[in-house]
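Below is entry_11.txt, holding compact mmCIF, C-alpha atoms and all ligand atoms.
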```txt
# COMPACT_ATOMS: atom_id res chain seq x y z
CA MET A 233 52.68 43.69 -47.39
CA SER A 234 52.04 41.76 -44.17
CA LYS A 235 49.55 38.93 -44.17
CA VAL A 236 46.30 39.42 -42.22
CA VAL A 237 45.81 36.31 -40.14
CA PRO A 238 42.32 35.46 -38.85
CA THR A 239 42.13 35.54 -35.05
CA PRO A 240 40.76 32.29 -33.61
CA SER A 241 37.06 32.84 -32.98
CA ALA A 242 33.67 31.17 -33.18
CA PHE A 243 32.90 33.28 -36.23
CA THR A 244 33.80 32.48 -39.85
CA PRO A 245 36.85 34.61 -40.81
CA ARG A 246 35.13 37.21 -42.95
CA VAL A 247 36.20 40.61 -44.26
CA PHE A 248 33.79 43.41 -45.15
CA SER A 249 34.63 46.90 -46.35
CA GLY A 250 32.99 49.61 -48.43
CA ILE A 251 33.60 52.78 -50.38
CA GLN A 252 31.15 55.60 -51.08
CA PRO A 253 30.25 56.32 -54.70
CA SER A 254 30.29 60.01 -53.83
CA GLY A 255 32.68 60.97 -56.61
CA GLY A 256 35.44 59.38 -58.67
CA LEU A 257 37.91 57.02 -56.99
CA THR A 258 41.08 58.66 -55.71
CA LEU A 259 44.61 57.48 -55.09
CA GLY A 260 43.72 57.73 -51.36
CA ASN A 261 40.89 55.22 -51.76
CA TYR A 262 43.17 52.98 -53.80
CA LEU A 263 46.16 52.94 -51.45
CA GLY A 264 44.21 53.19 -48.18
CA ALA A 265 41.55 50.64 -49.09
CA ILE A 266 41.26 48.87 -52.47
CA LYS A 267 44.88 47.73 -52.83
CA ARG A 268 44.58 46.15 -49.40
CA PHE A 269 41.19 44.58 -50.31
CA VAL A 270 42.84 42.82 -53.25
CA GLU A 271 45.75 41.54 -51.15
CA ILE A 272 43.40 40.11 -48.53
CA GLN A 273 41.18 38.52 -51.20
CA ASP A 274 44.22 36.91 -52.81
CA GLN A 275 45.61 35.58 -49.51
CA GLY A 276 42.51 33.40 -49.40
CA ALA A 277 42.24 33.21 -45.58
CA PHE A 278 38.91 35.10 -45.45
CA GLU A 279 35.56 35.28 -47.18
CA THR A 280 35.64 38.79 -48.64
CA ILE A 281 32.70 41.13 -49.21
CA TYR A 282 33.26 44.53 -50.81
CA CYS A 283 30.54 47.12 -51.12
CA MET A 284 29.66 50.34 -52.91
CA VAL A 285 27.91 52.13 -50.05
CA ASP A 286 25.40 54.15 -52.06
CA MET A 287 23.13 54.69 -49.03
CA HIS A 288 26.02 56.34 -47.19
CA ALA A 289 26.72 58.53 -50.21
CA ILE A 290 23.25 60.15 -50.04
CA THR A 291 23.86 61.39 -46.49
CA VAL A 292 25.07 64.44 -48.42
CA TRP A 293 23.32 65.56 -51.61
CA GLN A 294 24.06 63.44 -54.69
CA ASN A 295 22.77 64.22 -58.13
CA PRO A 296 20.93 60.97 -59.12
CA ALA A 297 22.60 60.72 -62.55
CA ASP A 298 26.04 61.18 -60.92
CA LEU A 299 25.28 58.63 -58.20
CA ILE A 300 24.39 55.87 -60.63
CA ARG A 301 27.39 56.66 -62.82
CA ASN A 302 29.77 56.85 -59.85
CA THR A 303 28.47 53.54 -58.46
CA ARG A 304 29.13 51.74 -61.75
CA GLU A 305 32.50 53.48 -62.05
CA LEU A 306 33.42 52.39 -58.52
CA CYS A 307 32.46 48.82 -59.37
CA ALA A 308 34.69 49.04 -62.44
CA GLY A 309 37.46 50.43 -60.22
CA PHE A 310 37.20 47.49 -57.83
CA ILE A 311 37.39 44.95 -60.65
CA ALA A 312 40.11 46.78 -62.60
CA SER A 313 42.22 46.90 -59.41
CA GLY A 314 41.98 43.12 -58.98
CA ILE A 315 38.77 42.33 -57.09
CA ASP A 316 37.43 39.14 -58.64
CA PRO A 317 33.61 39.04 -58.46
CA GLU A 318 33.78 35.25 -58.21
CA LYS A 319 36.29 35.14 -55.34
CA SER A 320 34.74 38.11 -53.50
CA ILE A 321 31.13 39.15 -53.08
CA LEU A 322 30.76 42.55 -54.78
CA ILE A 323 27.60 44.52 -54.03
CA ASN A 324 25.99 47.90 -53.86
CA GLN A 325 24.49 48.46 -50.43
CA SER A 326 20.95 49.42 -51.51
CA GLN A 327 20.40 46.03 -53.19
CA VAL A 328 20.88 44.22 -49.88
CA PRO A 329 18.05 45.62 -47.72
CA GLU A 330 19.23 43.87 -44.55
CA HIS A 331 21.94 46.56 -44.17
CA ALA A 332 19.29 49.24 -43.60
CA GLN A 333 17.08 46.94 -41.54
CA LEU A 334 19.86 46.12 -39.10
CA GLY A 335 20.83 49.79 -39.25
CA TRP A 336 17.50 50.66 -37.65
CA ILE A 337 18.06 48.19 -34.81
CA PHE A 338 21.48 49.77 -34.24
CA ASN A 339 19.96 53.26 -34.20
CA CYS A 340 18.15 51.98 -31.13
CA VAL A 341 21.32 50.53 -29.58
CA ALA A 342 23.78 53.41 -30.21
CA ARG A 343 23.67 56.26 -27.70
CA MET A 344 23.40 59.95 -28.62
CA GLY A 345 26.55 60.70 -26.62
CA TRP A 346 28.56 58.18 -28.66
CA MET A 347 27.36 59.63 -31.95
CA GLN A 348 28.05 63.21 -30.89
CA ARG A 349 31.73 62.33 -30.44
CA MET A 350 32.19 61.26 -34.09
CA THR A 351 34.74 63.56 -35.68
CA GLN A 352 33.71 62.75 -39.27
CA PHE A 353 30.24 64.17 -38.59
CA LYS A 354 31.79 67.32 -37.13
CA ASP A 355 34.13 67.66 -40.13
CA LYS A 356 31.47 67.02 -42.77
CA ALA A 357 28.63 68.96 -41.12
CA GLY A 358 31.00 71.89 -40.55
CA LYS A 359 29.66 75.01 -38.93
CA ASN A 360 26.12 74.41 -40.15
CA ALA A 361 25.37 71.17 -38.24
CA GLN A 362 21.68 72.12 -37.83
CA ASN A 363 21.30 71.85 -41.57
CA ALA A 364 23.07 68.48 -41.92
CA SER A 365 20.91 65.44 -42.70
CA LEU A 366 19.84 63.07 -39.95
CA GLY A 367 21.44 60.35 -42.12
CA LEU A 368 24.85 62.02 -41.85
CA PHE A 369 24.55 61.95 -38.06
CA GLY A 370 23.42 58.31 -38.06
CA TYR A 371 26.02 57.22 -40.66
CA PRO A 372 28.23 55.30 -38.19
CA ALA A 373 25.29 53.16 -36.93
CA LEU A 374 24.52 52.14 -40.52
CA MET A 375 28.22 51.45 -41.04
CA ALA A 376 28.16 49.15 -38.00
CA ALA A 377 25.20 47.35 -39.58
CA ASP A 378 27.04 47.03 -42.93
CA ILE A 379 29.79 45.16 -41.10
CA LEU A 380 27.82 43.18 -38.54
CA ILE A 381 25.06 41.99 -40.89
CA TYR A 382 27.84 39.69 -42.21
CA HIS A 383 29.29 38.93 -38.77
CA ALA A 384 32.49 40.29 -40.34
CA THR A 385 35.53 39.65 -38.17
CA HIS A 386 37.94 42.07 -39.88
CA VAL A 387 37.52 45.41 -41.69
CA PRO A 388 40.39 46.90 -43.75
CA VAL A 389 40.09 50.71 -43.79
CA GLY A 390 42.13 53.89 -43.94
CA GLU A 391 43.11 55.72 -40.74
CA ASP A 392 40.10 58.10 -40.97
CA GLN A 393 37.66 55.26 -40.25
CA LYS A 394 39.28 54.12 -36.97
CA GLN A 395 36.76 55.91 -34.76
CA HIS A 396 33.80 54.42 -36.66
CA LEU A 397 35.25 50.94 -36.17
CA GLU A 398 35.54 51.55 -32.44
CA LEU A 399 31.87 52.56 -32.42
CA THR A 400 31.01 49.35 -34.30
CA ARG A 401 32.61 47.35 -31.49
CA ASP A 402 30.74 49.40 -28.87
CA ILE A 403 27.42 48.74 -30.63
CA ALA A 404 28.13 44.99 -30.92
CA ALA A 405 29.14 44.79 -27.25
CA LYS A 406 26.07 46.73 -26.05
CA PHE A 407 23.70 44.61 -28.16
CA ASN A 408 25.29 41.40 -26.84
CA HIS A 409 25.15 42.71 -23.26
CA ASP A 410 21.58 44.10 -23.38
CA TYR A 411 20.13 40.90 -24.87
CA GLY A 412 22.41 38.51 -22.96
CA VAL A 413 23.81 36.90 -26.11
CA ASP A 414 27.16 36.42 -27.80
CA PHE A 415 25.75 37.10 -31.25
CA PHE A 416 27.78 39.87 -32.88
CA PRO A 417 31.59 39.60 -33.13
CA LEU A 418 33.85 42.39 -31.91
CA THR A 419 35.21 43.24 -35.34
CA ARG A 420 38.88 44.14 -35.71
CA PRO A 421 40.01 47.06 -37.85
CA VAL A 422 42.88 46.35 -40.23
CA ILE A 423 44.73 49.65 -40.65
CA GLU A 424 48.14 48.77 -42.02
CA GLY A 425 50.71 49.95 -44.51
CA VAL A 426 52.49 53.20 -45.32
CA ALA A 427 49.52 54.92 -46.98
CA THR A 428 46.68 54.60 -44.49
CA ARG A 429 46.26 58.37 -44.73
CA VAL A 430 47.11 59.86 -48.13
CA MET A 431 47.08 63.64 -47.92
CA SER A 432 45.92 66.33 -50.33
CA LEU A 433 48.52 67.36 -52.92
CA ARG A 434 47.69 71.00 -52.14
CA ASP A 435 47.74 70.82 -48.33
CA GLY A 436 49.72 68.26 -46.36
CA ALA A 437 47.43 68.72 -43.34
CA LYS A 438 44.25 67.67 -45.21
CA LYS A 439 43.18 64.18 -46.28
CA MET A 440 43.04 63.50 -50.04
CA SER A 441 39.31 63.32 -50.69
CA LYS A 442 37.05 62.73 -53.68
CA SER A 443 34.75 65.58 -52.68
CA ASP A 444 37.51 68.20 -52.25
CA PRO A 445 36.48 71.13 -54.49
CA SER A 446 40.03 71.30 -55.88
CA ASP A 447 40.68 68.60 -58.51
CA ALA A 448 44.40 69.43 -58.24
CA SER A 449 44.33 68.18 -54.62
CA ARG A 450 43.89 64.56 -55.66
CA ILE A 451 44.87 61.97 -58.24
CA ASN A 452 41.78 60.34 -59.71
CA MET A 453 42.05 56.74 -60.86
CA THR A 454 40.74 57.83 -64.25
CA ASP A 455 43.23 60.70 -64.73
CA THR A 456 45.35 60.52 -67.90
CA ALA A 457 49.13 60.13 -67.70
CA ASP A 458 49.55 63.83 -68.55
CA THR A 459 47.15 64.92 -65.83
CA ILE A 460 48.83 62.71 -63.22
CA ALA A 461 52.28 64.08 -64.15
CA LYS A 462 50.99 67.67 -64.07
CA LYS A 463 49.32 67.27 -60.65
CA ILE A 464 52.48 65.75 -59.16
CA ARG A 465 54.66 68.46 -60.70
CA LYS A 466 52.42 71.09 -59.10
CA ALA A 467 52.07 69.28 -55.75
CA ARG A 468 52.96 71.55 -52.84
CA THR A 469 56.40 70.88 -51.32
CA ASP A 470 59.06 72.72 -49.35
CA SER A 471 62.42 73.89 -50.68
CA ASP A 472 64.74 71.40 -48.90
CA THR A 473 66.21 68.29 -50.45
CA LEU A 474 64.80 64.93 -49.34
CA PRO A 475 66.22 63.45 -46.13
CA SER A 476 67.97 60.08 -45.98
CA GLU A 477 66.12 58.89 -42.88
CA SER A 478 62.44 58.90 -41.92
CA GLY A 479 63.07 61.14 -38.88
CA GLY A 480 63.84 63.93 -41.36
CA LEU A 481 60.22 63.86 -42.58
CA ALA A 482 58.71 64.54 -39.16
CA ALA A 483 57.97 68.24 -39.64
CA ARG A 484 57.56 68.06 -43.44
CA PRO A 485 54.00 66.79 -44.11
CA GLU A 486 54.03 67.38 -47.88
CA ALA A 487 57.37 65.61 -48.34
CA ARG A 488 56.23 62.76 -46.10
CA ASN A 489 53.05 62.37 -48.13
CA LEU A 490 54.86 62.08 -51.46
CA ILE A 491 57.37 59.62 -50.02
CA ASN A 492 54.56 57.53 -48.50
CA ILE A 493 52.78 57.43 -51.87
CA TYR A 494 55.99 56.34 -53.59
CA ALA A 495 56.61 53.66 -50.95
CA ALA A 496 53.05 52.30 -51.18
CA LEU A 497 53.03 52.22 -54.98
CA SER A 498 56.41 50.49 -55.14
CA ASP A 499 55.68 48.10 -52.22
CA GLN A 500 58.70 49.38 -50.30
CA THR A 501 59.20 50.78 -46.82
CA VAL A 502 59.79 54.52 -46.33
CA GLU A 503 63.37 53.70 -45.29
CA GLN A 504 64.03 51.83 -48.54
CA VAL A 505 62.69 54.75 -50.57
CA LEU A 506 64.77 57.30 -48.65
CA TYR A 507 67.87 55.18 -49.15
CA GLU A 508 67.24 55.56 -52.89
CA VAL A 509 66.17 59.22 -53.04
CA GLY A 510 67.73 60.86 -49.93
CA GLY A 511 69.62 64.05 -50.89
CA LYS A 512 67.65 64.58 -54.12
CA PRO A 513 65.69 67.81 -54.71
CA PHE A 514 61.96 67.58 -55.46
CA ALA A 515 62.71 68.53 -59.07
CA ALA A 516 64.42 65.12 -59.42
CA PHE A 517 62.02 63.13 -57.24
CA LYS A 518 58.70 64.33 -58.69
CA PRO A 519 59.33 62.90 -62.20
CA MET A 520 60.21 59.54 -60.55
CA LEU A 521 56.92 59.63 -58.62
CA ALA A 522 54.98 60.65 -61.74
CA ASP A 523 56.47 57.79 -63.78
CA LEU A 524 55.73 55.26 -61.06
CA SER A 525 52.15 56.55 -60.61
CA VAL A 526 51.45 56.39 -64.33
CA ALA A 527 52.96 52.88 -64.56
CA LYS A 528 50.78 51.61 -61.68
CA LEU A 529 47.55 53.54 -62.24
CA GLY A 530 47.54 53.74 -66.05
CA PRO A 531 46.58 50.07 -66.62
CA ILE A 532 43.86 50.29 -63.92
CA GLY A 533 42.40 53.43 -65.49
CA ALA A 534 42.42 51.82 -68.95
CA GLU A 535 40.68 48.68 -67.66
CA MET A 536 38.12 50.85 -65.83
CA ALA A 537 37.32 52.63 -69.09
CA ARG A 538 36.82 49.26 -70.82
CA LEU A 539 34.49 48.00 -68.08
CA ILE A 540 32.48 51.23 -67.81
CA ALA A 541 31.67 50.94 -71.51
CA ASP A 542 29.40 47.97 -70.65
CA PRO A 543 27.15 49.17 -67.79
CA ALA A 544 24.68 46.27 -68.30
CA GLU A 545 27.43 43.80 -67.42
CA ILE A 546 28.30 45.79 -64.27
CA ASP A 547 24.63 45.80 -63.24
CA ARG A 548 24.44 42.04 -63.80
CA LEU A 549 27.50 41.47 -61.62
CA LEU A 550 26.05 43.60 -58.83
CA THR A 551 22.72 41.77 -58.95
CA ARG A 552 24.53 38.44 -58.73
CA GLY A 553 26.62 39.77 -55.84
CA SER A 554 23.54 40.86 -53.90
CA GLU A 555 21.95 37.41 -54.30
CA ARG A 556 25.07 35.82 -52.82
CA ALA A 557 25.20 38.44 -50.06
CA ARG A 558 21.59 37.85 -49.04
CA ASN A 559 22.34 34.18 -48.38
CA ILE A 560 24.43 35.51 -45.48
CA THR A 561 22.47 38.61 -44.44
CA ALA A 562 18.86 37.29 -44.42
CA PRO A 563 19.49 34.57 -41.78
CA ILE A 564 21.54 36.97 -39.61
CA LEU A 565 18.76 39.58 -39.73
CA ARG A 566 16.11 36.96 -38.88
CA GLN A 567 18.15 35.77 -35.90
CA THR A 568 18.60 39.39 -34.79
CA TYR A 569 14.83 39.95 -34.96
CA ASP A 570 14.28 36.75 -32.94
CA ILE A 571 16.71 37.97 -30.27
CA VAL A 572 15.00 41.37 -30.15
CA GLY A 573 11.53 39.78 -29.92
CA MET A 574 9.90 40.46 -33.26
CA VAL A 575 7.17 38.05 -34.37
CA PRO A 576 8.44 35.93 -37.27
CA PRO A 577 6.36 35.31 -40.41
CA VAL A 578 4.72 31.88 -40.58
CA PRO A 579 6.14 29.70 -43.38
CA VAL A 580 4.42 30.24 -46.73
CA GLY A 581 1.47 27.85 -47.18
CA SER A 582 1.06 26.99 -43.49
CA ALA A 583 -1.20 29.90 -42.48
CA PRO A 584 -4.90 28.98 -42.12
CA TRP A 585 -5.95 31.63 -44.68
CA SER A 586 -3.54 30.41 -47.38
CA GLY A 587 -4.48 27.83 -49.98
N1 LIG B 601 43.10 59.97 -48.26
C1 LIG B 601 42.92 58.71 -47.90
N2 LIG B 601 43.98 57.97 -47.48
C2 LIG B 601 43.81 56.67 -47.12
N3 LIG B 601 42.63 56.04 -47.13
C3 LIG B 601 41.56 56.74 -47.55
N4 LIG B 601 40.27 56.42 -47.67
C4 LIG B 601 39.58 57.49 -48.14
N5 LIG B 601 40.40 58.53 -48.31
C5 LIG B 601 41.64 58.10 -47.94
C6 LIG B 601 39.72 55.10 -47.36
O1 LIG B 601 38.90 54.72 -48.45
C7 LIG B 601 37.82 53.95 -47.93
C8 LIG B 601 36.54 54.48 -48.47
O2 LIG B 601 36.30 55.79 -48.05
P1 LIG B 601 34.91 56.45 -48.40
O3 LIG B 601 34.85 56.78 -49.82
O4 LIG B 601 33.81 55.61 -47.94
O5 LIG B 601 34.81 57.70 -47.52
P2 LIG B 601 35.84 58.77 -47.12
O6 LIG B 601 36.85 58.20 -46.20
O7 LIG B 601 35.04 59.91 -46.59
O8 LIG B 601 36.54 59.11 -48.51
P3 LIG B 601 36.56 60.46 -49.26
O9 LIG B 601 37.34 60.28 -50.51
O10 LIG B 601 37.02 61.57 -48.35
O11 LIG B 601 35.02 60.63 -49.65
P4 LIG B 601 34.13 61.89 -49.46
O12 LIG B 601 34.89 63.01 -50.08
O13 LIG B 601 32.83 61.60 -50.17
O14 LIG B 601 33.94 62.07 -47.98
C9 LIG B 601 37.89 54.01 -46.41
O15 LIG B 601 38.49 52.82 -45.95
C10 LIG B 601 38.78 55.18 -46.17
O16 LIG B 601 39.49 55.03 -44.95
```
If you took the structure in this file and wrote it as structure tokens, what would it be?
Ligand code: AQP
Amino acid sequence: MSKVVPTPSAFTPRVFSGIQPSGGLTLGNYLGAIKRFVEIQDQGAFETIYCMVDMHAITVWQNPADLIRNTRELCAGFIASGIDPEKSILINQSQVPEHAQLGWIFNCVARMGWMQRMTQFKDKAGKNAQNASLGLFGYPALMAADILIYHATHVPVGEDQKQHLELTRDIAAKFNHDYGVDFFPLTRPVIEGVATRVMSLRDGAKKMSKSDPSDASRINMTDTADTIAKKIRKARTDSDTLPSESGGLAARPEARNLINIYAALSDQTVEQVLYEVGGKPFAAFKPMLADLSVAKLGPIGAEMARLIADPAEIDRLLTRGSERARNITAPILRQTYDIVGMVPPVPVGSAPWSG
């Protein structure tokens, strides 16, 4: 996997990214996001902050008991995949209130026309947009705040988040322009690798998603070896054999998806995989993919189960993470308020009515 090199800038090289605890973690989240988060953390060229974005999750209805369980499970998934809570700052969004506070400022910077162009809102609100929450519409402005409250310079994400990252840059640029400052960085998306868009196992035109009603459409990080093998065996495919070159996958979305997953899990290029499996029927390839998936995901799932068994320890880690995060976010919010023209509090003990 290529190394992400910080671009020279006045800002500390800092990576932020988040995942919604809106269900169990999927193979899409793992390959499109978490695997990359770990690689960047381990390269050591950036400060890394990774977040369970629980406030984003409630933009659509979440059962409270599920939300708290999914947030702890997501935290376990991060750690089991290799995120080290000492090397990285690991938080849940609602414990760092500056995200929401800057989010409000950005609601006042972002333009209605920009927000109305967001395809994720259109996809998630569906035909009944009038009944969608205001939070779902404003989601990308809060996402911009999640990133910019850290002055993050780089954000690793899957392909589906590209448009939101462009909006984040637009918001930073407009804020800087309107207030005549050079305060927020123009954050760069990091969308790299062969699995930036893992597709549903049931429909090669649809993204693999944790909220898809069909459990067979996705591989969950907590699935057992048997379940993973069964889902891959039943994954939709065509009747041709696999091609020997990547051009042969162009009009075959399901085949391309399975090859991409194999390539990402084995840290190979698509060409290397096709050199190995070109000419094979799916009946021969699927067991190879199932074995590889179980070998890579099995240990992560087992470690997640071990960590989830001690929720108090997960809560302690998240509290510690939020304390570290607020050392960064509180000063950036205060400076933002100063730029905007909000009266600061007088230092404790210096007001005439105190002491
Ligand atoms: N299928 C995917 N392929 C590659 N990357 C993916 N990501 C999500 N699905 C895929 C990446 O995972 C990160 C976190 O995403 P998220 O959970 O915040 O939101 P999402 O993209 O909306 O993911 P889901 O699974 O589809 O959640 P629901 O069903 O709740 O909407 C992001 O970097 C995303 O790109």
Inset, instruction - Give the answer as one residue: which of A:Leu418, A:Ala364, A:Pro513, A:Thr400 has the shortest atom-to-atom distance to Trp346 of chain A, using only C-alpha atoms? - result: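 Smallest distance to Trp346 of chain A is found for A:Thr400.
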I'd like a table as a Markdown table: residues in chain A with an atom no more than 6 Å from ligand LIG 601 (chain B), each row giving the shortest atom pair and its distance in Å to one decimal, all atoms listed in the file counted, sorted by chain and rising residue number.
```
| residue | atom | partner | partner_atom | distance |
| --- | --- | --- | --- | --- |
| A:Ile251 | CA | B:LIG601 | O4 | 3.7 |
| A:Gln252 | CA | B:LIG601 | O3 | 4.1 |
| A:Ser254 | CA | B:LIG601 | O13 | 4.7 |
| A:Gly260 | CA | B:LIG601 | C1 | 3.7 |
| A:Asn261 | CA | B:LIG601 | O1 | 3.9 |
| A:Gly264 | CA | B:LIG601 | N3 | 3.4 |
| A:Ala265 | CA | B:LIG601 | O15 | 4.9 |
| A:Val389 | CA | B:LIG601 | O15 | 3.4 |
| A:Gly390 | CA | B:LIG601 | O16 | 3.0 |
| A:Glu391 | CA | B:LIG601 | O16 | 5.6 |
| A:Asp392 | CA | B:LIG601 | O16 | 5.1 |
| A:Gln393 | CA | B:LIG601 | O16 | 5.0 |
| A:Ala427 | CA | B:LIG601 | C2 | 6.0 |
| A:Thr428 | CA | B:LIG601 | C2 | 4.4 |
| A:Arg429 | CA | B:LIG601 | N2 | 3.6 |
| A:Val430 | CA | B:LIG601 | N2 | 3.7 |
| A:Met431 | CA | B:LIG601 | N1 | 5.4 |
| A:Lys439 | CA | B:LIG601 | N1 | 4.7 |
| A:Met440 | CA | B:LIG601 | N1 | 4.0 |
| A:Ser441 | CA | B:LIG601 | O9 | 3.6 |
| A:Lys442 | CA | B:LIG601 | O9 | 4.0 |
| A:Ser443 | CA | B:LIG601 | O12 | 3.7 |
```
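For the atom pair formed by atom CA of Ala537 of chain A and atom CA of Ile311 of chain A, the distance is 11.4 Å, given to one decimal.
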Inset, instruction - Considering all atoms listed in the file, state which residue in the set A:Thr501, A:Thr561, A:Ser249, A:Thr258 is at the smallest distance from Gly309 of chain A. - result: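 Result for the nearest residue to Gly309 of chain A: A:Thr258.
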Inset, instruction - With a distance cut-off of 10 Å and all atoms listed in the file, select the neighbouring residues of Ala405 of chain A, excluding the residue or stretch itself and same-chain residues fewer than 6 positions from it, and output the selection as number ranges by chain. - result: A: 341, 399, 413-418
Keeping only C-alpha atoms, write the selected residues as a tab-separated table (two decimals), in the frame of the given file.
```tsv
chain	number	residue	atom	x	y	z
A	341	VAL	CA	21.32	50.53	-29.58
A	399	LEU	CA	31.87	52.56	-32.42
A	413	VAL	CA	23.81	36.90	-26.11
A	414	ASP	CA	27.16	36.42	-27.80
A	415	PHE	CA	25.75	37.10	-31.25
A	416	PHE	CA	27.78	39.87	-32.88
A	417	PRO	CA	31.59	39.60	-33.13
A	418	LEU	CA	33.85	42.39	-31.91
```
Applying 10 Å and all atoms listed in the file, which residues near Asp274 of chain A remain after dropping the ones on its own chain fewer than 4 positions away? List them as a compact mmCIF listing (two decimals) with C-alpha atoms, keeping the file's coordinate frame.
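Wrote it out as around.txt, contents follow:
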```
# COMPACT_ATOMS: atom_id res chain seq x y z
CA ARG A 268 44.58 46.15 -49.40
CA PHE A 269 41.19 44.58 -50.31
CA VAL A 270 42.84 42.82 -53.25
CA PHE A 278 38.91 35.10 -45.45
CA THR A 280 35.64 38.79 -48.64
CA GLY A 314 41.98 43.12 -58.98
CA ILE A 315 38.77 42.33 -57.09
CA ASP A 316 37.43 39.14 -58.64
CA LYS A 319 36.29 35.14 -55.34
CA SER A 320 34.74 38.11 -53.50
```
Legend entry - Contacts of Leu497 of chain A at 12 Å (all atoms listed in the file; same-chain gap of 6+ positions) as JSON, numbers by chain: {"A": [233, 259, 260, 262, 263, 264, 267, 268, 425, 426, 427, 430, 490, 491, 505, 520, 521, 522, 523, 524, 525, 526, 527, 528, 529]}
With a distance cut-off of 12 Å and all atoms listed in the file, select the neighbouring residues of Thr551 of chain A, excluding the residue or stretch itself and same-chain residues fewer than 2 positions from it, and output the selection as a PDB file with C-alpha atoms, in the coordinates of the input.
```pdb
ATOM      1  CA  PRO A 317      33.610  39.040 -58.460  1.00  0.00           C
ATOM      2  CA  ILE A 321      31.130  39.150 -53.080  1.00  0.00           C
ATOM      3  CA  LEU A 322      30.760  42.550 -54.780  1.00  0.00           C
ATOM      4  CA  ILE A 323      27.600  44.520 -54.030  1.00  0.00           C
ATOM      5  CA  ASN A 324      25.990  47.900 -53.860  1.00  0.00           C
ATOM      6  CA  GLN A 325      24.490  48.460 -50.430  1.00  0.00           C
ATOM      7  CA  SER A 326      20.950  49.420 -51.510  1.00  0.00           C
ATOM      8  CA  GLN A 327      20.400  46.030 -53.190  1.00  0.00           C
ATOM      9  CA  VAL A 328      20.880  44.220 -49.880  1.00  0.00           C
ATOM     10  CA  ALA A 544      24.680  46.270 -68.300  1.00  0.00           C
ATOM     11  CA  GLU A 545      27.430  43.800 -67.420  1.00  0.00           C
ATOM     12  CA  ILE A 546      28.300  45.790 -64.270  1.00  0.00           C
ATOM     13  CA  ASP A 547      24.630  45.800 -63.240  1.00  0.00           C
ATOM     14  CA  ARG A 548      24.440  42.040 -63.800  1.00  0.00           C
ATOM     15  CA  LEU A 549      27.500  41.470 -61.620  1.00  0.00           C
ATOM     16  CA  GLY A 553      26.620  39.770 -55.840  1.00  0.00           C
ATOM     17  CA  SER A 554      23.540  40.860 -53.900  1.00  0.00           C
ATOM     18  CA  GLU A 555      21.950  37.410 -54.300  1.00  0.00           C
ATOM     19  CA  ARG A 556      25.070  35.820 -52.820  1.00  0.00           C
ATOM     20  CA  ALA A 557      25.200  38.440 -50.060  1.00  0.00           C
ATOM     21  CA  ARG A 558      21.590  37.850 -49.040  1.00  0.00           C
TER      22      ARG A 558
END
```
Report as lines of an AutoDock Vina configuration file the centre and the edge lengths, in Å to one decimal, of the axis-aligned box holding every listed atom of segment 529-541 of chain A, padded by 6 Å on each side.
```
center_x = 39.6
center_y = 50.9
center_z = -66.9
size_x = 27.9
size_y = 17.7
size_z = 21.3
```
Legend entry - Gap from atom CA of Gly510 of chain A to atom CA of Leu481 of chain A - Å, one decimal: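 Atom CA of Leu481 of chain A lies at a distance of 10.9 Å from atom CA of Gly510 of chain A.
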Legend entry - Pairwise distance for atom CA of Ser582 of chain A and atom CA of Arg566 of chain A, rounded to one decimal in Å: 18.6 Å
